[in-house]
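One file, run_2.txt, is given below (compact mmCIF, C-alpha atoms and all ligand atoms).
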```
# COMPACT_ATOMS: atom_id res chain seq x y z
CA MET A 1 0.00 0.00 0.00
CA ALA A 2 1.20 3.48 -0.78
CA SER A 3 0.48 5.11 2.57
CA LEU A 4 3.25 5.60 5.12
CA PRO A 5 3.52 3.16 8.00
CA TYR A 6 1.55 4.50 10.95
CA ILE A 7 2.99 4.00 14.44
CA VAL A 8 0.65 5.04 17.24
CA GLY A 9 1.44 5.10 20.96
CA ASN A 10 -1.40 4.39 23.38
CA TRP A 11 -0.34 5.71 26.76
CA LYS A 12 -3.46 4.32 28.49
CA MET A 13 -3.81 5.63 32.09
CA ASN A 14 -0.18 6.68 32.28
CA GLY A 15 1.34 10.12 32.22
CA THR A 16 1.41 13.40 34.06
CA ARG A 17 2.94 16.71 33.04
CA ALA A 18 6.37 15.17 33.61
CA SER A 19 5.66 12.96 30.59
CA LEU A 20 5.51 15.93 28.24
CA SER A 21 9.28 15.70 27.89
CA GLU A 22 8.77 12.22 26.38
CA ALA A 23 6.17 13.60 23.98
CA ARG A 24 8.59 16.35 22.91
CA ALA A 25 11.37 13.82 22.42
CA ILE A 26 9.06 11.59 20.36
CA ASP A 27 8.15 14.60 18.23
CA ARG A 28 11.80 15.52 17.64
CA GLY A 29 12.66 11.92 16.81
CA ALA A 30 9.73 11.60 14.41
CA ALA A 31 10.94 14.70 12.57
CA ARG A 32 14.12 12.76 11.72
CA LEU A 33 12.08 9.81 10.38
CA PRO A 34 9.74 11.38 7.82
CA LYS A 35 8.85 8.11 6.12
CA VAL A 36 6.76 7.12 9.13
CA GLN A 37 3.54 8.71 10.37
CA VAL A 38 3.70 8.95 14.15
CA ALA A 39 1.02 9.70 16.73
CA ILE A 40 0.40 9.29 20.44
CA ALA A 41 -2.79 9.02 22.48
CA PRO A 42 -1.97 10.47 25.91
CA PRO A 43 -4.55 10.51 28.71
CA ALA A 44 -7.25 13.15 28.13
CA THR A 45 -5.81 15.32 30.90
CA LEU A 46 -2.64 15.79 28.84
CA LEU A 47 -4.16 16.28 25.39
CA HIS A 48 -4.11 20.04 25.38
CA ARG A 49 -0.61 20.35 26.80
CA THR A 50 0.67 17.69 24.44
CA ARG A 51 -0.83 19.56 21.50
CA GLU A 52 1.12 22.62 22.57
CA ALA A 53 4.31 20.65 23.21
CA VAL A 54 4.63 18.95 19.82
CA GLU A 55 4.80 20.16 16.24
CA LEU A 56 4.69 17.18 13.95
CA ILE A 57 3.16 14.08 15.46
CA GLY A 58 -0.58 13.36 15.63
CA ILE A 59 -2.40 13.53 18.94
CA GLY A 60 -5.44 11.51 19.86
CA GLY A 61 -7.83 10.41 22.57
CA GLN A 62 -8.16 6.84 23.84
CA ASP A 63 -11.96 6.75 23.91
CA CYS A 64 -14.89 9.12 23.59
CA HIS A 65 -18.54 9.26 24.58
CA ALA A 66 -21.14 8.83 21.86
CA LYS A 67 -22.96 12.03 22.83
CA ASP A 68 -21.64 15.58 22.35
CA SER A 69 -22.45 16.73 25.89
CA GLY A 70 -24.78 16.02 28.77
CA ALA A 71 -25.17 14.36 32.15
CA PHE A 72 -22.44 11.73 31.77
CA THR A 73 -20.22 12.14 34.80
CA GLY A 74 -16.61 11.34 34.13
CA ASP A 75 -16.96 10.98 30.38
CA THR A 76 -15.31 12.96 27.59
CA SER A 77 -17.03 13.73 24.28
CA ALA A 78 -15.41 13.62 20.86
CA ALA A 79 -16.06 17.35 20.51
CA MET A 80 -14.09 17.90 23.74
CA LEU A 81 -11.19 15.83 22.45
CA LYS A 82 -11.24 17.85 19.24
CA ASP A 83 -11.35 21.09 21.20
CA ALA A 84 -8.36 19.96 23.27
CA GLY A 85 -6.36 19.46 20.08
CA ALA A 86 -6.95 15.82 19.15
CA ASP A 87 -6.69 14.69 15.54
CA PHE A 88 -8.15 11.25 16.15
CA THR A 89 -9.46 8.95 18.83
CA ILE A 90 -9.09 5.27 19.55
CA VAL A 91 -12.41 3.46 20.05
CA GLY A 92 -13.24 -0.11 20.99
CA HIS A 93 -9.96 -0.92 22.73
CA SER A 94 -10.30 -4.33 24.40
CA GLU A 95 -9.78 -2.72 27.81
CA ARG A 96 -12.89 -0.62 27.13
CA ARG A 97 -14.82 -3.58 25.73
CA THR A 98 -13.87 -5.79 28.68
CA LEU A 99 -13.58 -3.47 31.68
CA HIS A 100 -16.40 -1.11 30.67
CA GLY A 101 -18.69 -3.60 28.96
CA GLU A 102 -18.69 -1.79 25.63
CA THR A 103 -20.62 -3.59 22.89
CA ASP A 104 -20.04 -3.39 19.15
CA ALA A 105 -23.02 -1.04 18.94
CA ASP A 106 -21.47 1.23 21.59
CA VAL A 107 -18.19 1.24 19.71
CA ARG A 108 -19.91 2.11 16.43
CA ALA A 109 -21.79 4.99 18.11
CA LYS A 110 -18.49 6.30 19.49
CA ALA A 111 -16.83 6.01 16.09
CA GLU A 112 -19.69 7.91 14.46
CA ALA A 113 -19.51 10.60 17.14
CA ALA A 114 -15.78 10.97 16.60
CA LEU A 115 -16.20 11.31 12.85
CA GLY A 116 -18.99 13.81 13.38
CA ALA A 117 -16.67 15.90 15.55
CA GLY A 118 -14.02 15.90 12.83
CA LEU A 119 -11.73 13.27 14.32
CA ALA A 120 -10.17 10.33 12.55
CA VAL A 121 -10.86 6.95 14.19
CA ILE A 122 -8.66 4.03 15.19
CA LEU A 123 -11.09 1.14 15.73
CA CYS A 124 -9.73 -1.80 17.73
CA VAL A 125 -10.76 -5.41 17.31
CA GLY A 126 -9.28 -8.66 18.57
CA GLU A 127 -10.06 -12.09 19.92
CA THR A 128 -9.45 -13.57 23.38
CA GLU A 129 -7.19 -16.55 23.84
CA GLY A 130 -10.18 -18.83 24.36
CA GLU A 131 -11.74 -17.65 21.12
CA ARG A 132 -8.47 -18.31 19.25
CA ASP A 133 -8.04 -21.74 20.84
CA ALA A 134 -11.58 -22.62 19.78
CA GLY A 135 -10.73 -21.70 16.18
CA ASN A 136 -13.03 -18.71 16.22
CA ALA A 137 -10.57 -15.81 15.97
CA GLU A 138 -11.47 -14.74 12.44
CA SER A 139 -15.21 -15.03 12.95
CA VAL A 140 -15.02 -13.07 16.22
CA VAL A 141 -13.00 -10.27 14.64
CA GLY A 142 -15.21 -10.29 11.56
CA GLY A 143 -18.26 -9.93 13.77
CA GLN A 144 -16.66 -7.05 15.66
CA LEU A 145 -16.00 -5.28 12.36
CA GLU A 146 -19.55 -5.89 11.12
CA GLY A 147 -20.92 -4.55 14.38
CA SER A 148 -18.65 -1.61 15.06
CA CYS A 149 -17.42 -0.14 11.78
CA PRO A 150 -18.94 3.31 11.19
CA HIS A 151 -21.13 3.87 8.14
CA SER A 152 -21.56 7.63 7.88
CA ASP A 153 -20.54 9.38 4.65
CA GLY A 154 -16.78 9.43 4.21
CA ALA A 155 -16.21 7.21 7.26
CA VAL A 156 -13.93 4.83 5.41
CA ASP A 157 -11.51 7.64 4.52
CA LYS A 158 -10.92 8.51 8.16
CA LEU A 159 -10.82 4.98 9.52
CA THR A 160 -7.86 2.93 10.71
CA VAL A 161 -8.42 -0.56 12.12
CA ALA A 162 -6.13 -1.97 14.82
CA TYR A 163 -6.01 -5.73 15.20
CA GLU A 164 -5.06 -6.43 18.80
CA PRO A 165 -5.39 -9.99 20.06
CA VAL A 166 -6.50 -9.55 23.67
CA TRP A 167 -4.07 -12.22 24.87
CA ALA A 168 -1.12 -10.39 23.32
CA ILE A 169 -1.77 -7.04 25.01
CA GLY A 170 0.78 -6.35 27.74
CA THR A 171 1.80 -9.99 27.96
CA GLY A 172 4.96 -10.12 25.86
CA ARG A 173 3.30 -12.77 23.68
CA VAL A 174 2.66 -12.17 20.00
CA PRO A 175 0.91 -14.32 17.40
CA SER A 176 2.98 -16.07 14.76
CA VAL A 177 3.72 -14.26 11.54
CA ASP A 178 1.36 -16.64 9.75
CA ASP A 179 -1.46 -15.93 12.19
CA VAL A 180 -1.02 -12.16 11.88
CA ALA A 181 -0.90 -12.45 8.09
CA ALA A 182 -4.04 -14.60 8.00
CA MET A 183 -5.94 -12.26 10.30
CA HIS A 184 -4.94 -9.10 8.44
CA LYS A 185 -5.97 -10.74 5.17
CA ALA A 186 -9.33 -11.65 6.69
CA ILE A 187 -9.77 -8.11 8.03
CA ARG A 188 -8.94 -6.69 4.61
CA ALA A 189 -11.55 -8.93 2.99
CA LYS A 190 -14.14 -7.92 5.58
CA LEU A 191 -13.41 -4.22 5.08
CA VAL A 192 -13.87 -4.63 1.33
CA SER A 193 -17.15 -6.43 1.93
CA ILE A 194 -18.31 -3.61 4.21
CA TYR A 195 -17.04 -0.60 2.25
CA GLY A 196 -16.49 -1.90 -1.27
CA GLU A 197 -13.22 -1.02 -2.99
CA ALA A 198 -12.59 1.83 -0.54
CA GLY A 199 -12.06 -0.86 2.10
CA ALA A 200 -8.86 -1.84 0.29
CA GLY A 201 -7.29 1.46 1.35
CA VAL A 202 -7.99 1.31 5.08
CA ARG A 203 -4.82 0.99 7.11
CA ILE A 204 -4.75 -2.03 9.41
CA LEU A 205 -2.39 -1.79 12.40
CA TYR A 206 -1.17 -4.67 14.52
CA GLY A 207 -1.14 -4.16 18.30
CA GLY A 208 -0.15 -6.32 21.26
CA SER A 209 3.35 -6.48 22.77
CA VAL A 210 5.01 -4.64 19.88
CA LYS A 211 8.61 -3.87 20.85
CA ALA A 212 11.75 -2.77 19.02
CA GLU A 213 12.83 -6.43 18.89
CA ASN A 214 9.77 -7.70 17.03
CA ALA A 215 8.69 -4.56 15.15
CA SER A 216 10.52 -5.26 11.88
CA GLU A 217 9.11 -8.75 11.61
CA LEU A 218 5.55 -7.67 12.38
CA LEU A 219 5.66 -4.58 10.15
CA SER A 220 6.96 -6.62 7.21
CA ILE A 221 3.80 -8.71 7.10
CA ARG A 222 1.54 -8.00 4.15
CA ASP A 223 -1.39 -5.75 5.06
CA VAL A 224 0.19 -4.66 8.35
CA GLY A 225 0.18 -0.90 7.88
CA GLY A 226 1.67 0.03 11.22
CA ALA A 227 1.46 -0.66 14.93
CA LEU A 228 -0.55 0.36 17.96
CA VAL A 229 1.92 0.32 20.83
CA GLY A 230 1.09 0.37 24.54
CA GLY A 231 3.86 -0.22 27.07
CA ALA A 232 6.72 0.47 24.67
CA SER A 233 5.26 3.89 23.76
CA LEU A 234 5.74 5.36 27.24
CA THR A 235 9.33 6.42 26.73
CA ALA A 236 10.69 8.16 23.67
CA GLU A 237 13.61 5.76 23.60
CA SER A 238 11.56 2.57 23.29
CA PHE A 239 8.90 4.14 21.06
CA LEU A 240 11.37 5.74 18.66
CA ALA A 241 13.15 2.40 18.33
CA ILE A 242 9.90 1.03 16.87
CA VAL A 243 9.45 4.08 14.65
CA GLY A 244 13.05 3.61 13.53
CA ALA A 245 12.39 -0.03 12.65
CA ALA A 246 9.44 1.08 10.51
CA ALA A 247 11.59 3.72 8.82
CA ALA A 248 14.35 1.20 8.08
CA LEU A 249 11.85 -1.05 6.30
CA GLU A 250 10.76 1.89 4.14
CA ASP A 251 14.40 2.50 3.19
CA ASN A 252 14.83 -1.07 1.94
P1 LIG A 301 0.96 -3.32 24.62
O1 LIG A 301 -0.50 -2.65 24.44
O2 LIG A 301 1.83 -2.79 23.51
O3 LIG A 301 1.42 -2.84 25.98
O4 LIG A 301 0.78 -4.78 24.54
C1 LIG A 301 -1.04 -2.47 23.15
C2 LIG A 301 -2.40 -1.85 23.27
O5 LIG A 301 -3.17 -2.19 24.18
O6 LIG A 301 -2.76 -0.99 22.44
```

Kindly return the structure encoded in the file as structure tokens.
Ligand code: PGA
Amino acid sequence: MASLPYIVGNWKMNGTRASLSEARAIDRGAARLPKVQVAIAPPATLLHRTREAVELIGIGGQDCHAKDSGAFTGDTSAAMLKDAGADFTIVGHSERRTLHGETDADVRAKAEAALGAGLAVILCVGETEGERDAGNAESVVGGQLEGSCPHSDGAVDKLTVAYEPVWAIGTGRVPSVDDVAAMHKAIRAKLVSIYGEAGAGVRILYGGSVKAENASELLSIRDVGGALVGGASLTAESFLAIVGAAAALEDN
């Protein structure tokens, strides 16, 4: 695919103002690696300051509410993320699906709200270990895509999908190259069935225990258009090592 590899850091519930120095360092490092598109999703409390601290990299939220405003204590709307300087938001992360009981319909509503607020969307899907062991990984992920992909006008142009096997997140375990390749192929086919030919252009990221040591191998797999990185995105050093691996592949 012609688009640049996209490496996104998901800081989850990590980071205070002291972390802005990491964001600045990531931004400076990304400027030296122009063949890679780089973004981070800091906690919502840091979005505005991060926007002011960086020049080049994208900034995004980790979740949003489906409504623009209202009596939803503790929630953050897509319009608020946009106002704080976000370019995109993640939706449907497995930690939201599992710990907050989010359904595919909830995730779709959030994705539509984000698009409506002018944000791009990174939509996460992925199977549990039990689902993979039972041979159901592709059907589970396909069902998540059917149920949570947004359908509003132009949605496909602002959509990125992140395949994150739940059992690989934060565990140090990653699927085999063949399993990642098979899943990304299946996701591609599903996106084409949902969106028609436009689905062929949607970037599909891999996420789950991506590190500098495995980044080249994972990013070389066909239809892997980048990575969604959790733990290894928290320091500029470990995150830029992954960005550097992506850049080296582009140079070859
Ligand atoms: P991890 O998290 O890189 O720490 O496994 C990835 C994610 O949850 O997006």

Contact table chain A vs ligand LIG 301 (chain A), cut-off 8 Å, shortest pair per residue, all atoms listed in the file, as a Markdown table:
```
| residue | atom | partner | partner_atom | distance |
| --- | --- | --- | --- | --- |
| A:Gly9 | CA | A:LIG301 | O6 | 7.5 |
| A:Asn10 | CA | A:LIG301 | O6 | 5.6 |
| A:Lys12 | CA | A:LIG301 | O5 | 7.8 |
| A:His93 | CA | A:LIG301 | O5 | 7.1 |
| A:Ser94 | CA | A:LIG301 | O5 | 7.4 |
| A:Glu95 | CA | A:LIG301 | O5 | 7.6 |
| A:Glu164 | CA | A:LIG301 | C2 | 6.9 |
| A:Ala168 | CA | A:LIG301 | O4 | 6.0 |
| A:Ile169 | CA | A:LIG301 | O4 | 3.4 |
| A:Gly170 | CA | A:LIG301 | O4 | 3.6 |
| A:Thr171 | CA | A:LIG301 | O4 | 6.3 |
| A:Gly172 | CA | A:LIG301 | O4 | 6.9 |
| A:Gly207 | CA | A:LIG301 | C1 | 5.1 |
| A:Gly208 | CA | A:LIG301 | O4 | 3.7 |
| A:Ser209 | CA | A:LIG301 | O4 | 3.6 |
| A:Val210 | CA | A:LIG301 | O2 | 5.2 |
| A:Lys211 | CA | A:LIG301 | O2 | 7.4 |
| A:Leu228 | CA | A:LIG301 | O6 | 5.2 |
| A:Val229 | CA | A:LIG301 | O2 | 4.1 |
| A:Gly230 | CA | A:LIG301 | O2 | 3.4 |
| A:Gly231 | CA | A:LIG301 | O3 | 3.7 |
| A:Ala232 | CA | A:LIG301 | O2 | 6.0 |
| A:Ser233 | CA | A:LIG301 | O2 | 7.5 |
```

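Residues within 6 Å of range 183-186 of chain A, counting only C-alpha atoms and excluding same-chain residues fewer than 3 positions away, are Val180, Ala189 and Asp223 of chain A.
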
Looking at A:Leu99, A:Ala248, A:Leu46, A:Tyr163, which one is nearest to Tyr206 in chain A, with distances taken over all atoms listed in the file?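 Comparing A:Leu99, A:Ala248, A:Leu46, A:Tyr163 against Tyr206 in chain A, the winner is A:Tyr163.
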
Using all atoms listed in the file, the best pick from A:Lys110, A:Arg222, A:Lys82, A:Lys158 as closest to Ala198 in chain A would be A:Lys158

Which of A:Ile122, A:Leu191, A:Leu33, A:Val202 sits closest to Gly61 in chain A [using only C-alpha atoms]: A:Ile122

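Between Leu115 in chain A and the candidates A:Gly142, A:Gly101, A:Gly85, A:Gly154, the tightest atom-to-atom separation, counting all atoms listed in the file, involves A:Gly154.
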
Please identify all polymer residues within 10 Å of Leu20 in chain A, counting all atoms listed in the file, omitting same-chain residues fewer than 4 positions from it, and present them as a ChimeraX atom specification. /A:15-16,24-26,42,46,49-54

Just the residues within 7 Å of Ala120 in chain A, please, counting all atoms listed in the file, with nothing from its chain fewer than 3 positions along; format it as a VMD selection string. chain A and resid 87 to 89 114 to 115 158 to 159
